[in-house]
$ cat work37.txt   # compact mmCIF, C-alpha atoms
# COMPACT_ATOMS: atom_id res chain seq x y z
CA MET Y 1 91.63 29.14 34.74
CA PHE Y 2 88.29 28.57 32.92
CA GLY Y 3 90.09 28.20 29.62
CA PHE Y 4 90.94 31.89 29.23
CA PRO Y 5 94.24 32.58 27.45
CA TYR Y 6 95.12 35.33 29.93
CA PRO Y 7 95.27 35.52 33.75
CA VAL Y 8 91.92 36.11 35.42
CA ASP Y 9 91.53 38.00 38.67
CA PRO Y 10 90.47 35.43 41.32
CA SER Y 11 87.98 37.95 42.75
CA LEU Y 12 85.97 37.47 39.53
CA SER Y 13 85.61 33.74 40.09
CA PHE Y 14 81.98 34.15 41.18
CA VAL Y 15 81.20 35.74 37.81
CA LEU Y 16 83.05 33.04 35.91
CA ALA Y 17 81.32 30.20 37.75
CA VAL Y 18 79.57 29.19 34.54
CA SER Y 19 81.93 26.81 32.81
CA SER Y 20 81.63 24.35 29.99
CA THR Y 21 81.65 21.50 32.49
CA ALA Y 22 78.77 22.86 34.59
CA PRO Y 23 75.61 20.77 34.30
CA SER Y 24 72.72 22.70 32.82
CA LEU Y 25 69.12 22.76 33.99
CA PRO Y 26 66.50 21.42 31.56
CA ILE Y 27 65.43 24.09 29.07
CA ALA Y 28 61.85 24.23 30.40
CA ALA Y 29 63.17 25.04 33.87
CA ARG Y 30 65.52 27.67 32.43
CA ILE Y 31 62.61 29.33 30.58
CA PHE Y 32 60.41 29.33 33.69
CA LEU Y 33 63.24 30.79 35.79
CA ALA Y 34 63.93 33.37 33.08
CA VAL Y 35 60.30 34.55 33.29
CA LEU Y 36 60.67 34.90 37.07
CA ALA Y 37 63.99 36.70 36.62
CA GLY Y 38 62.35 39.05 34.11
CA ALA Y 39 59.56 39.82 36.59
CA LEU Y 40 62.06 40.52 39.38
CA ALA Y 41 64.18 42.66 37.08
CA THR Y 42 61.08 44.64 36.12
CA LEU Y 43 60.37 45.35 39.79
CA ALA Y 44 63.96 46.53 40.19
CA MET Y 45 63.58 48.63 37.04
CA ASP Y 46 60.63 50.37 38.71
CA LEU Y 47 63.04 51.66 41.37
CA VAL Y 48 65.31 53.10 38.68
CA MET Y 49 62.40 54.57 36.74
CA ALA Y 50 61.17 56.44 39.83
CA ARG Y 51 64.54 58.19 40.19
CA VAL Y 52 65.15 59.20 36.57
CA GLY Y 53 63.58 62.23 34.93
CA GLU Y 54 61.03 60.89 32.38
CA GLY Y 55 61.95 57.44 33.69
CA GLU Y 56 58.33 56.44 34.20
CA THR Y 57 57.28 57.71 30.77
CA PRO Y 58 58.36 54.77 28.51
CA PRO Y 59 55.46 52.50 29.54
CA ARG Y 60 53.05 55.36 28.82
CA VAL Y 61 54.72 55.82 25.42
CA ALA Y 62 54.03 52.16 24.63
CA SER Y 63 50.46 52.48 25.89
CA GLY Y 64 49.95 55.63 23.82
CA VAL Y 65 51.28 53.98 20.68
CA LEU Y 66 49.02 50.96 21.19
CA THR Y 67 45.93 53.14 21.71
CA GLU Y 68 46.94 55.96 19.36
CA THR Y 69 46.69 58.53 22.13
CA ARG Y 70 49.04 61.24 23.37
CA VAL Y 71 51.67 60.06 25.85
CA ASP Y 72 50.27 62.17 28.69
CA ASP Y 73 46.74 60.84 28.03
CA ALA Y 74 47.74 57.20 27.53
CA PRO Y 75 45.88 54.66 29.68
CA ARG Y 76 48.00 54.08 32.78
CA ARG Y 77 46.57 50.63 33.48
CA LEU Y 78 47.49 49.46 29.98
CA ALA Y 79 50.94 51.02 30.46
CA ALA Y 80 51.41 48.99 33.65
CA VAL Y 81 50.22 45.75 32.02
CA VAL Y 82 52.47 46.23 28.98
CA HIS Y 83 55.41 47.11 31.23
CA TYR Y 84 55.13 44.03 33.48
CA VAL Y 85 54.24 41.54 30.74
CA ALA Y 86 57.05 42.78 28.49
CA GLY Y 87 59.46 42.74 31.42
CA ALA Y 88 58.61 39.18 32.43
CA LEU Y 89 58.70 37.89 28.85
CA SER Y 90 61.99 39.64 28.14
CA GLY Y 91 63.63 37.19 30.53
CA PRO Y 92 63.18 34.26 28.11
CA LEU Y 93 64.26 36.48 25.21
CA PHE Y 94 67.51 37.18 27.02
CA LEU Y 95 67.84 33.46 27.77
CA TRP Y 96 67.50 32.72 24.04
CA LEU Y 97 70.26 35.23 23.23
CA LEU Y 98 72.39 33.67 25.95
CA LEU Y 99 71.86 30.19 24.49
CA VAL Y 100 72.80 31.45 21.02
CA ALA Y 101 75.90 33.15 22.44
CA GLU Y 102 76.82 29.97 24.33
CA GLY Y 103 76.42 27.97 21.13
CA LEU Y 104 78.75 30.32 19.27
CA LEU Y 105 81.24 31.21 22.00
CA GLY Y 106 80.95 28.43 24.57
CA THR Y 107 79.62 28.92 28.07
CA GLY Y 108 81.17 31.52 30.31
CA LEU Y 109 81.71 35.20 30.76
CA LEU Y 110 82.24 35.99 27.06
CA ALA Y 111 78.87 34.49 26.08
CA ALA Y 112 77.09 36.30 28.92
CA LEU Y 113 78.68 39.61 27.93
CA ALA Y 114 77.84 39.13 24.26
CA ALA Y 115 74.22 38.28 25.09
CA THR Y 116 73.97 41.27 27.43
CA ILE Y 117 75.35 43.71 24.87
CA ALA Y 118 73.08 42.33 22.15
CA PHE Y 119 70.01 42.42 24.40
CA TYR Y 120 70.68 45.96 25.66
CA SER Y 121 71.11 47.12 22.07
CA LEU Y 122 67.83 45.45 21.09
CA MET Y 123 65.94 46.89 24.06
CA VAL Y 124 67.11 50.44 23.56
CA GLY Y 125 67.19 50.33 19.77
CA PHE Y 126 63.65 48.94 19.42
CA PHE Y 127 62.20 51.50 21.81
CA VAL Y 128 64.12 54.51 20.49
CA LEU Y 129 63.90 53.68 16.78
CA VAL Y 130 60.49 51.97 16.50
CA VAL Y 131 58.21 52.78 19.44
CA LEU Y 132 59.24 56.30 20.48
CA PRO Y 133 58.99 57.91 17.02
CA ARG Y 134 55.38 56.71 16.83
CA SER Y 135 54.41 58.49 20.04
CA GLN Y 136 51.98 61.36 19.79
CA GLY Y 137 52.22 64.70 21.53
CA THR Y 138 55.93 64.70 22.34
CA SER Y 139 58.44 67.26 21.21
CA ARG Y 140 61.83 66.29 19.83
CA GLU Y 141 63.48 67.42 23.07
CA ARG Y 142 61.11 65.34 25.17
CA ARG Y 143 61.62 62.29 22.95
CA LEU Y 144 65.39 62.64 23.48
CA ALA Y 145 64.87 62.85 27.26
CA ILE Y 146 62.55 59.81 27.18
CA GLY Y 147 65.08 57.88 25.09
CA ARG Y 148 67.87 58.67 27.55
CA ALA Y 149 65.65 57.67 30.45
CA TRP Y 150 64.84 54.37 28.74
CA ALA Y 151 68.54 53.66 28.20
CA ILE Y 152 69.11 54.10 31.95
CA ASP Y 153 65.98 52.10 32.86
CA ALA Y 154 67.05 49.24 30.56
CA ALA Y 155 70.52 49.15 32.12
CA GLY Y 156 68.95 48.87 35.58
CA TYR Y 157 66.80 46.00 34.33
CA LEU Y 158 69.80 44.12 32.98
CA VAL Y 159 71.82 44.61 36.16
CA VAL Y 160 69.25 42.36 37.84
CA LEU Y 161 68.21 40.11 34.94
CA VAL Y 162 71.61 38.95 33.70
CA PRO Y 163 72.99 37.49 36.94
CA LEU Y 164 69.66 35.82 37.70
CA VAL Y 165 69.35 34.15 34.30
CA VAL Y 166 73.00 33.11 34.21
CA ALA Y 167 72.85 31.74 37.76
CA ALA Y 168 69.59 29.91 37.04
CA SER Y 169 71.20 28.32 34.00
CA VAL Y 170 73.59 26.30 36.14
CA VAL Y 171 72.90 23.65 38.74
CA VAL Y 172 75.00 24.49 41.75

$ encode --input "work37.txt" --output "C-alpha cells"
Amino acid sequence: MFGFPYPVDPSLSFVLAVSSTAPSLPIAARIFLAVLAGALATLAMDLVMARVGEGETPPRVASGVLTETRVDDAPRRLAAVVHYVAGALSGPLFLWLLLVAEGLLGTGLLAALAATIAFYSLMVGFFVLVVLPRSQGTSRERRLAIGRAWAIDAAGYLVVLVPLVVAASVVV
C-alpha cells in the first residue's frame, strides 16, 4: 500500500493520501494556500500561547530585540505584527521544506515527517539560539521558561499548519 515496504494500518490512510500519483496544484496556488495555512496556524497558536506560562512572551521578545528594549517594555503592536506576519510567511517556508523533502524522498508520509521535523527544529532553534539570547531584561531562568513555552507554541502551530499545507498540495 502506497509503496511502503511494511504493512500500513488502514486507519492511517487519510494521512497517507498524498501519493506519487496524486496530481499537484500549480506552485503559485500552493504558495498562496501555504500563506493562508500559516495565518490559520498562527491563530491556532494564539490559543496555545494563552494557555502556556510565558507562552505569549515570544512575540514580545522578538519586538524587544528589534527595538532594543526590554521584553516587558517591548512595543505590543510591533509584537503582534511580527507574530502574524512571521506566522503567515512561515507557511511558504514549510512548503519549501516539504518540496525539498518530496524531491529527496518522494511524496508521502516520510517527506511530510521529514519536513515537519526540519521545520520544527528551525523554528525552535532559531528562536532559542539566535533571538532569545539577544533579549534584554530577562534572567537565565526566564529565558529557559520562554524557550520551553516557544517549543510548545511552535508544536501547536505545526499541528495545524502541516495537515493544511499537505492537503492543499494535492488536488482531491

$ residues_around --input "work37.txt" --residues "Asp46 (chain Y)" --least-positions-apart "2" --cutoff "10 Å" --atoms "all atoms listed in the file" --output "VMD selection string"
chain Y and resid 40 to 44 48 to 51 55 to 56 83 to 84 153 156 to 157

$ residues_around --input "work37.txt" --residues "region 63-72 of chain Y" --least-positions-apart "5" --cutoff "10 Å" --atoms "only C-alpha atoms" --output "PyMOL selection string"
chain Y and resi 57-58+77-83+131-138

$ atom_distance --input "work37.txt" --atom1 "CA of Ile146 (chain Y)" --atom2 "CA of Gly53 (chain Y)"
8.2 Å

$ atom_distance --input "work37.txt" --atom1 "CA of Phe126 (chain Y)" --atom2 "CA of Val165 (chain Y)"
21.7 Å

$ residues_around --input "work37.txt" --residues "Leu99 (chain Y)" --least-positions-apart "6" --cutoff "12 Å" --atoms "only C-alpha atoms" --output "ChimeraX atom specification"
/Y:24,27,30-31,92-93,105-108,111-112,114-116,165-166,169

$ closest_residue --input "work37.txt" --among "Y:Val130, Y:Leu36, Y:Met123, Y:Ser139" --to "Ala151 (chain Y)" --atoms "only C-alpha atoms"
Y:Met123

$ atom_distance --input "work37.txt" --atom1 "CA of Glu54 (chain Y)" --atom2 "CA of Leu113 (chain Y)"
28.0 Å

$ closest_residue --input "work37.txt" --among "Y:Pro26, Y:Pro75, Y:Pro163, Y:Gly38" --to "Ser90 (chain Y)" --atoms "only C-alpha atoms"
Y:Gly38

$ closest_residue --input "work37.txt" --among "Y:Leu33, Y:Val61, Y:Leu97, Y:Val162" --to "Val128 (chain Y)" --atoms "all atoms listed in the file"
Y:Val61
